[in-house]
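Asks: This is upload-v9.csv (CSV, C-alpha atoms).
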```csv
chain,number,residue,atom,x,y,z
A,14,MET,CA,-20.5,-132.6,-10.6
A,15,ASN,CA,-20.3,-133.4,-14.2
A,16,LYS,CA,-17.2,-131.6,-15.8
A,17,LYS,CA,-19.4,-130.4,-18.7
A,18,LYS,CA,-21.6,-128.6,-16.2
A,19,ILE,CA,-18.7,-127.1,-14.2
A,20,ILE,CA,-17.1,-125.3,-17.1
A,21,PRO,CA,-20.2,-123.2,-18.1
A,22,VAL,CA,-20.6,-122.2,-14.4
A,23,ILE,CA,-17.0,-121.1,-14.1
A,24,LEU,CA,-17.3,-119.1,-17.4
A,25,SER,CA,-20.5,-117.4,-16.1
A,26,THR,CA,-18.9,-116.5,-12.8
A,27,MET,CA,-15.9,-115.0,-14.6
A,28,LEU,CA,-18.1,-112.9,-16.9
A,29,LEU,CA,-20.1,-111.7,-14.0
A,30,ILE,CA,-17.0,-110.6,-12.1
A,31,THR,CA,-15.6,-108.9,-15.2
A,32,SER,CA,-18.9,-107.0,-15.7
A,33,LEU,CA,-19.0,-105.8,-12.1
A,34,THR,CA,-15.4,-104.8,-12.2
A,35,GLY,CA,-15.9,-102.7,-15.3
A,36,CYS,CA,-19.0,-101.0,-13.9
A,37,GLY,CA,-17.1,-100.1,-10.7
A,38,GLY,CA,-14.2,-98.6,-12.7
A,39,ASN,CA,-16.6,-96.5,-14.8
A,40,ASP,CA,-18.4,-95.2,-11.6
A,41,LYS,CA,-15.1,-93.6,-10.4
A,42,ASN,CA,-14.9,-91.4,-13.5
A,43,ILE,CA,-18.5,-90.3,-13.7
A,44,VAL,CA,-19.3,-86.9,-12.2
A,45,PRO,CA,-22.9,-86.6,-11.1
A,46,GLU,CA,-25.1,-84.4,-13.3
A,47,SER,CA,-25.9,-82.1,-10.4
A,48,THR,CA,-22.2,-81.5,-9.7
A,49,VAL,CA,-21.5,-80.7,-13.4
A,50,LYS,CA,-24.2,-78.1,-13.4
A,51,GLU,CA,-23.1,-76.5,-10.1
A,52,ASP,CA,-19.4,-76.3,-11.3
A,53,SER,CA,-20.6,-74.8,-14.5
A,54,VAL,CA,-22.7,-72.2,-12.7
A,55,ILE,CA,-19.8,-71.3,-10.3
A,56,GLU,CA,-17.4,-70.9,-13.2
A,57,SER,CA,-19.9,-68.8,-15.1
A,58,THR,CA,-20.5,-66.6,-12.1
A,59,ILE,CA,-16.8,-66.1,-11.5
A,60,SER,CA,-16.4,-65.1,-15.2
A,61,GLU,CA,-19.3,-62.7,-15.0
A,62,SER,CA,-17.9,-61.2,-11.8
A,63,VAL,CA,-14.5,-60.5,-13.3
A,64,THR,CA,-16.1,-59.0,-16.4
A,65,GLU,CA,-18.4,-56.7,-14.3
A,66,SER,CA,-15.6,-55.7,-12.0
A,67,GLY,CA,-13.5,-54.7,-15.0
A,68,SER,CA,-16.4,-52.8,-16.5
A,69,ASP,CA,-17.1,-50.9,-13.2
A,70,GLU,CA,-13.5,-50.0,-12.8
A,71,ALA,CA,-13.4,-48.6,-16.3
A,72,VAL,CA,-16.5,-46.5,-15.6
A,73,SER,CA,-15.7,-45.3,-12.1
A,74,LYS,CA,-12.0,-45.1,-12.2
A,75,THR,CA,-10.6,-42.3,-10.1
A,76,PRO,CA,-8.9,-39.6,-12.2
A,77,GLU,CA,-5.2,-39.5,-11.9
A,78,SER,CA,-3.8,-36.9,-9.5
A,79,PRO,CA,-2.9,-33.6,-11.2
A,80,THR,CA,0.7,-33.2,-12.2
A,81,THR,CA,2.9,-30.7,-10.4
A,82,GLU,CA,2.5,-28.3,-13.3
A,83,THR,CA,-1.3,-28.5,-13.1
A,84,THR,CA,-1.4,-28.0,-9.4
A,85,GLU,CA,0.8,-25.0,-9.7
A,86,ASN,CA,-1.4,-23.5,-12.4
A,87,ILE,CA,-4.5,-24.0,-10.3
A,88,SER,CA,-2.8,-22.5,-7.3
A,89,GLU,CA,-1.8,-19.4,-9.2
A,90,LYS,CA,-5.3,-19.0,-10.5
A,91,ASP,CA,-7.0,-19.4,-7.1
A,92,THR,CA,-4.6,-17.0,-5.4
A,93,ALA,CA,-4.8,-14.2,-8.0
A,94,ARG,CA,-6.9,-11.6,-6.3
A,95,THR,CA,-7.4,-7.9,-5.7
A,96,LEU,CA,-5.3,-5.7,-3.4
A,97,VAL,CA,-5.9,-2.2,-2.1
A,98,ILE,CA,-2.6,-0.8,-1.0
A,99,TYR,CA,-2.2,2.8,0.2
A,100,PHE,CA,0.0,5.4,1.9
A,101,SER,CA,-1.8,7.8,4.2
A,102,ALA,CA,-0.1,10.3,6.4
A,103,THR,CA,-3.2,11.9,8.0
A,104,GLY,CA,-5.8,9.0,7.7
A,105,THR,CA,-7.9,10.5,4.9
A,106,THR,CA,-6.6,8.2,2.2
A,107,LYS,CA,-6.8,5.3,4.6
A,108,GLY,CA,-10.6,5.9,5.0
A,109,VAL,CA,-11.2,5.8,1.3
A,110,ALA,CA,-9.0,2.7,0.9
A,111,GLU,CA,-11.0,0.9,3.5
A,112,LYS,CA,-14.2,1.7,1.6
A,113,ILE,CA,-12.8,0.4,-1.7
A,114,ALA,CA,-11.7,-2.8,0.1
A,115,SER,CA,-15.2,-3.2,1.5
A,116,VAL,CA,-16.8,-2.7,-1.9
A,117,THR,CA,-14.5,-5.1,-3.7
A,118,GLY,CA,-13.7,-7.6,-1.0
A,119,ALA,CA,-10.1,-7.0,-1.7
A,120,ASP,CA,-7.1,-7.4,0.7
A,121,LEU,CA,-6.1,-4.2,2.4
A,122,TYR,CA,-2.5,-3.1,3.2
A,123,GLU,CA,-0.8,0.1,4.2
A,124,ILE,CA,2.5,1.4,3.0
A,125,VAL,CA,4.2,2.6,6.2
A,126,PRO,CA,7.2,5.0,6.0
A,127,LYS,CA,10.2,4.1,8.0
A,128,GLU,CA,10.2,7.6,9.3
A,129,THR,CA,6.8,8.8,10.3
A,130,TYR,CA,5.5,12.1,8.9
A,131,THR,CA,4.6,14.5,11.6
A,132,ASP,CA,2.3,17.5,11.4
A,133,ALA,CA,5.3,19.8,11.2
A,134,ASP,CA,6.7,17.7,8.3
A,135,LEU,CA,3.5,18.4,6.4
A,136,ASN,CA,3.4,22.2,6.9
A,137,TYR,CA,2.7,23.5,3.4
A,138,ASN,CA,3.6,27.1,4.5
A,139,ASP,CA,7.1,26.2,5.4
A,140,SER,CA,9.5,25.7,2.5
A,141,GLY,CA,12.0,23.9,4.8
A,142,THR,CA,9.7,21.1,5.9
A,143,ARG,CA,10.5,17.5,5.2
A,144,ALA,CA,7.6,17.0,2.8
A,145,THR,CA,8.4,20.2,0.9
A,146,ARG,CA,12.0,19.3,0.4
A,147,GLU,CA,11.1,15.8,-0.8
A,148,GLN,CA,8.5,17.1,-3.2
A,149,ASN,CA,10.9,19.6,-4.7
A,150,ASP,CA,13.5,16.9,-5.3
A,151,PRO,CA,12.4,14.4,-8.0
A,152,ASP,CA,15.1,12.0,-7.0
A,153,ALA,CA,14.0,11.8,-3.4
A,154,ARG,CA,13.0,8.2,-2.4
A,155,PRO,CA,11.8,7.9,1.2
A,156,GLU,CA,11.9,4.3,2.5
A,157,PHE,CA,9.0,2.3,3.7
A,158,GLU,CA,8.7,-0.7,6.0
A,159,THR,CA,9.0,-4.2,4.6
A,160,ILE,CA,5.8,-5.2,2.9
A,161,ASP,CA,4.8,-8.8,3.9
A,162,LEU,CA,3.0,-9.5,0.6
A,163,ASP,CA,3.8,-11.4,-2.6
A,164,ILE,CA,2.3,-8.7,-4.7
A,165,GLU,CA,3.9,-9.8,-8.0
A,166,ASN,CA,2.6,-13.4,-7.8
A,167,ASN,CA,-0.6,-13.3,-5.8
A,168,TYR,CA,-2.5,-10.3,-7.2
A,169,SER,CA,-4.0,-9.5,-10.6
A,170,THR,CA,-5.6,-6.2,-9.7
A,171,VAL,CA,-4.1,-3.4,-7.5
A,172,PHE,CA,-5.9,-0.3,-6.3
A,173,LEU,CA,-3.1,2.1,-5.4
A,174,GLY,CA,-4.0,5.0,-3.0
A,175,TYR,CA,-2.1,8.1,-1.9
A,176,PRO,CA,-2.7,11.8,-1.0
A,177,ILE,CA,-1.8,14.6,-3.3
A,178,TRP,CA,1.1,16.7,-2.0
A,179,TRP,CA,2.0,19.9,-3.7
A,180,GLY,CA,0.0,18.7,-6.8
A,181,GLN,CA,2.0,15.4,-7.1
A,182,GLU,CA,2.2,11.9,-5.6
A,183,PRO,CA,4.3,11.7,-2.5
A,184,ARG,CA,7.9,10.6,-3.3
A,185,ILE,CA,7.4,7.5,-1.1
A,186,MET,CA,5.0,6.3,-3.8
A,187,ASP,CA,7.8,6.6,-6.4
A,188,THR,CA,9.9,4.4,-4.1
A,189,PHE,CA,7.1,1.9,-3.9
A,190,VAL,CA,6.3,1.5,-7.6
A,191,GLU,CA,10.0,1.2,-8.5
A,192,SER,CA,10.3,-1.7,-6.0
A,193,TYR,CA,8.0,-4.0,-7.8
A,194,ASP,CA,7.3,-5.7,-11.2
A,195,PHE,CA,3.7,-5.1,-12.1
A,196,SER,CA,3.8,-7.2,-15.3
A,197,GLY,CA,0.4,-8.9,-15.7
A,198,ILE,CA,-1.2,-6.7,-13.1
A,199,THR,CA,-3.9,-4.1,-13.6
A,200,VAL,CA,-3.1,-1.0,-11.5
A,201,ILE,CA,-5.8,1.6,-10.7
A,202,PRO,CA,-4.5,4.7,-8.9
A,203,PHE,CA,-6.7,6.8,-6.6
A,204,CYS,CA,-5.9,9.8,-4.5
A,205,THR,CA,-7.4,12.1,-1.9
A,206,SER,CA,-7.0,15.8,-1.6
A,207,GLY,CA,-8.7,18.9,-0.3
A,208,SER,CA,-9.1,20.4,-3.7
A,209,SER,CA,-6.4,19.3,-6.2
A,210,GLY,CA,-7.2,16.7,-8.8
A,211,ILE,CA,-5.2,13.6,-9.6
A,212,GLY,CA,-3.2,15.5,-12.2
A,213,ASN,CA,-0.3,13.7,-13.7
A,214,SER,CA,0.4,11.6,-10.6
A,215,GLY,CA,-1.0,8.4,-12.1
A,216,ARG,CA,1.0,8.8,-15.3
A,217,ASN,CA,4.1,9.6,-13.3
A,218,LEU,CA,3.8,6.4,-11.3
A,219,SER,CA,3.1,4.4,-14.4
A,220,GLU,CA,6.3,5.7,-16.0
A,221,LYS,CA,8.4,5.1,-12.9
A,222,ALA,CA,7.0,1.5,-12.6
A,223,GLY,CA,7.7,0.7,-16.2
A,224,SER,CA,5.4,-2.3,-16.1
A,225,GLY,CA,1.8,-3.3,-15.6
A,226,ARG,CA,-1.5,-2.2,-17.2
A,227,TRP,CA,-2.3,1.2,-15.7
A,228,LEU,CA,-5.8,2.6,-15.8
A,229,ASP,CA,-6.7,6.3,-15.4
A,230,GLY,CA,-7.1,7.1,-11.7
A,231,ASN,CA,-9.5,9.3,-9.8
A,232,ARG,CA,-9.5,11.8,-7.0
A,233,PHE,CA,-11.9,11.5,-4.0
A,234,SER,CA,-12.7,13.5,-1.0
A,235,GLY,CA,-12.4,11.8,2.4
A,236,SER,CA,-16.2,11.8,2.6
A,237,VAL,CA,-16.9,9.8,-0.6
A,238,SER,CA,-19.6,7.1,-0.1
A,239,GLU,CA,-19.3,3.5,-0.8
A,240,ASP,CA,-22.0,3.8,-3.4
A,241,ASP,CA,-20.1,6.4,-5.3
A,242,LEU,CA,-17.0,4.2,-5.2
A,243,LYS,CA,-18.9,1.2,-6.3
A,244,SER,CA,-20.2,3.2,-9.4
A,245,TRP,CA,-16.7,4.2,-10.2
A,246,ILE,CA,-15.3,0.7,-9.9
A,247,LEU,CA,-18.1,-0.8,-12.0
A,248,GLY,CA,-17.2,1.6,-14.8
A,249,LEU,CA,-13.5,0.5,-14.9
A,250,ALA,CA,-12.2,-1.9,-17.6
A,251,ILE,CA,-10.8,-4.4,-15.1
```
Please re-express this file's structure in structure tokens.

Replies:
Amino acid sequence: MNKKKIIPVILSTMLLITSLTGCGGNDKNIVPESTVKEDSVIESTISESVTESGSDEAVSKTPESPTTETTENISEKDTARTLVIYFSATGTTKGVAEKIASVTGADLYEIVPKETYTDADLNYNDSGTRATREQNDPDARPEFETIDLDIENNYSTVFLGYPIWWGQEPRIMDTFVESYDFSGITVIPFCTSGSSGIGNSGRNLSEKAGSGRWLDGNRFSGSVSEDDLKSWILGLAI
């Protein structure tokens, strides 16, 4: 072959190889258009998901648990309720107390003397009986059985019942009111008797307690109806 013809052929071949090599290199760095779009969509979706998740968390975030102080305050509020507590030697005051508890939905509790009062102890005609001696001694303080109640912390209203003995509250009631702090508690005395009124017994108990918000009390017969008790209670400034 003529040398003049060989040289152009060689140059043409070299140019073709170079061109093919360059195209091959560029193909390795080119991302197909469909792939670019898919990656973009995925990235956008992830971004939107994170944003929406953060937004939902902000909207539906569970409130923080209450602090100990808040829990205690709620507990105190929820357990503040009404109590009907009474002393009854013959059962008459007990019957009225049960009716008041029924009308109000209150808790009911009896003050039980450590030494039970017998019929002989309550003989009004014998000046030597136990009850007569106690009522004639303003310093007498008969004991009662332990009361399994947290009256001071769990109750906001207390109906306090007792019979009238010799025109006064039984001395065991003096023992009771002097045993508790009634601060922040509304106390409503009520009593039962054959004929005597409540007299100064409510005021006496209030003075001996020295604490609490004491309302005027009332005297009832053992046959008082729940309707009458309901009317009385509705008229109280509790």

Asks: For A:Lys243, work out the shell of residues within 9 Å, counting only C-alpha atoms and skipping chain neighbours fewer than 4 positions away, then give it as a PyMOL selection string.

Replies: chain A and resi 113+116-117+238-239+247-248

Asks: What does the file look like for those residues with C-alpha atoms, as a PDB file, in the coordinates of the input?

Replies:
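The result, stored in again_6.pdb:
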```pdb
ATOM      1  CA  ILE A 113     -12.800   0.400  -1.700  1.00  0.00           C
ATOM      2  CA  VAL A 116     -16.800  -2.700  -1.900  1.00  0.00           C
ATOM      3  CA  THR A 117     -14.500  -5.100  -3.700  1.00  0.00           C
ATOM      4  CA  SER A 238     -19.600   7.100  -0.100  1.00  0.00           C
ATOM      5  CA  GLU A 239     -19.300   3.500  -0.800  1.00  0.00           C
ATOM      6  CA  LEU A 247     -18.100  -0.800 -12.000  1.00  0.00           C
ATOM      7  CA  GLY A 248     -17.200   1.600 -14.800  1.00  0.00           C
TER       8      GLY A 248
END
```

Asks: Provide the atom CA of A:Ile124 to atom CA of A:Thr106 distance in Å, to one decimal place.

Replies: 11.4 Å

Asks: Using only C-alpha atoms, which of A:Ser236, A:Val200, A:Leu242, A:Arg184 sits nearest A:Ala114?

Replies: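 Answer, going by the shortest atom-to-atom distance: A:Leu242.
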
Asks: For atom CA of A:Leu162 and atom CA of A:Pro176, determine how far apart the two atoms are, in Å to one decimal place.

Replies: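 About the pair atom CA of A:Leu162 and atom CA of A:Pro176: they are 22.1 Å apart.
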
Asks: I'd like the interatomic distance between atom CA of A:Tyr122 and atom CA of A:Asn149, to a tenth of an Å.

Replies: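 If I compute the distance from atom CA of A:Tyr122 to atom CA of A:Asn149, I get 27.5 Å.
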
Asks: Nearest to A:Thr170 among A:Ala144, A:Val237, A:Ala153, A:Ile201, with distances taken over all atoms listed in the file: which residue is it?

Replies: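 For A:Thr170, the nearest of the given residues is A:Ile201.
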
Asks: Rank nothing, just name the residue among A:Pro126, A:Gly235, A:Gly180, A:Gly108 nearest to A:Gly215, using all atoms listed in the file.

Replies: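 Closest to A:Gly215, using all atoms listed in the file: A:Gly180.
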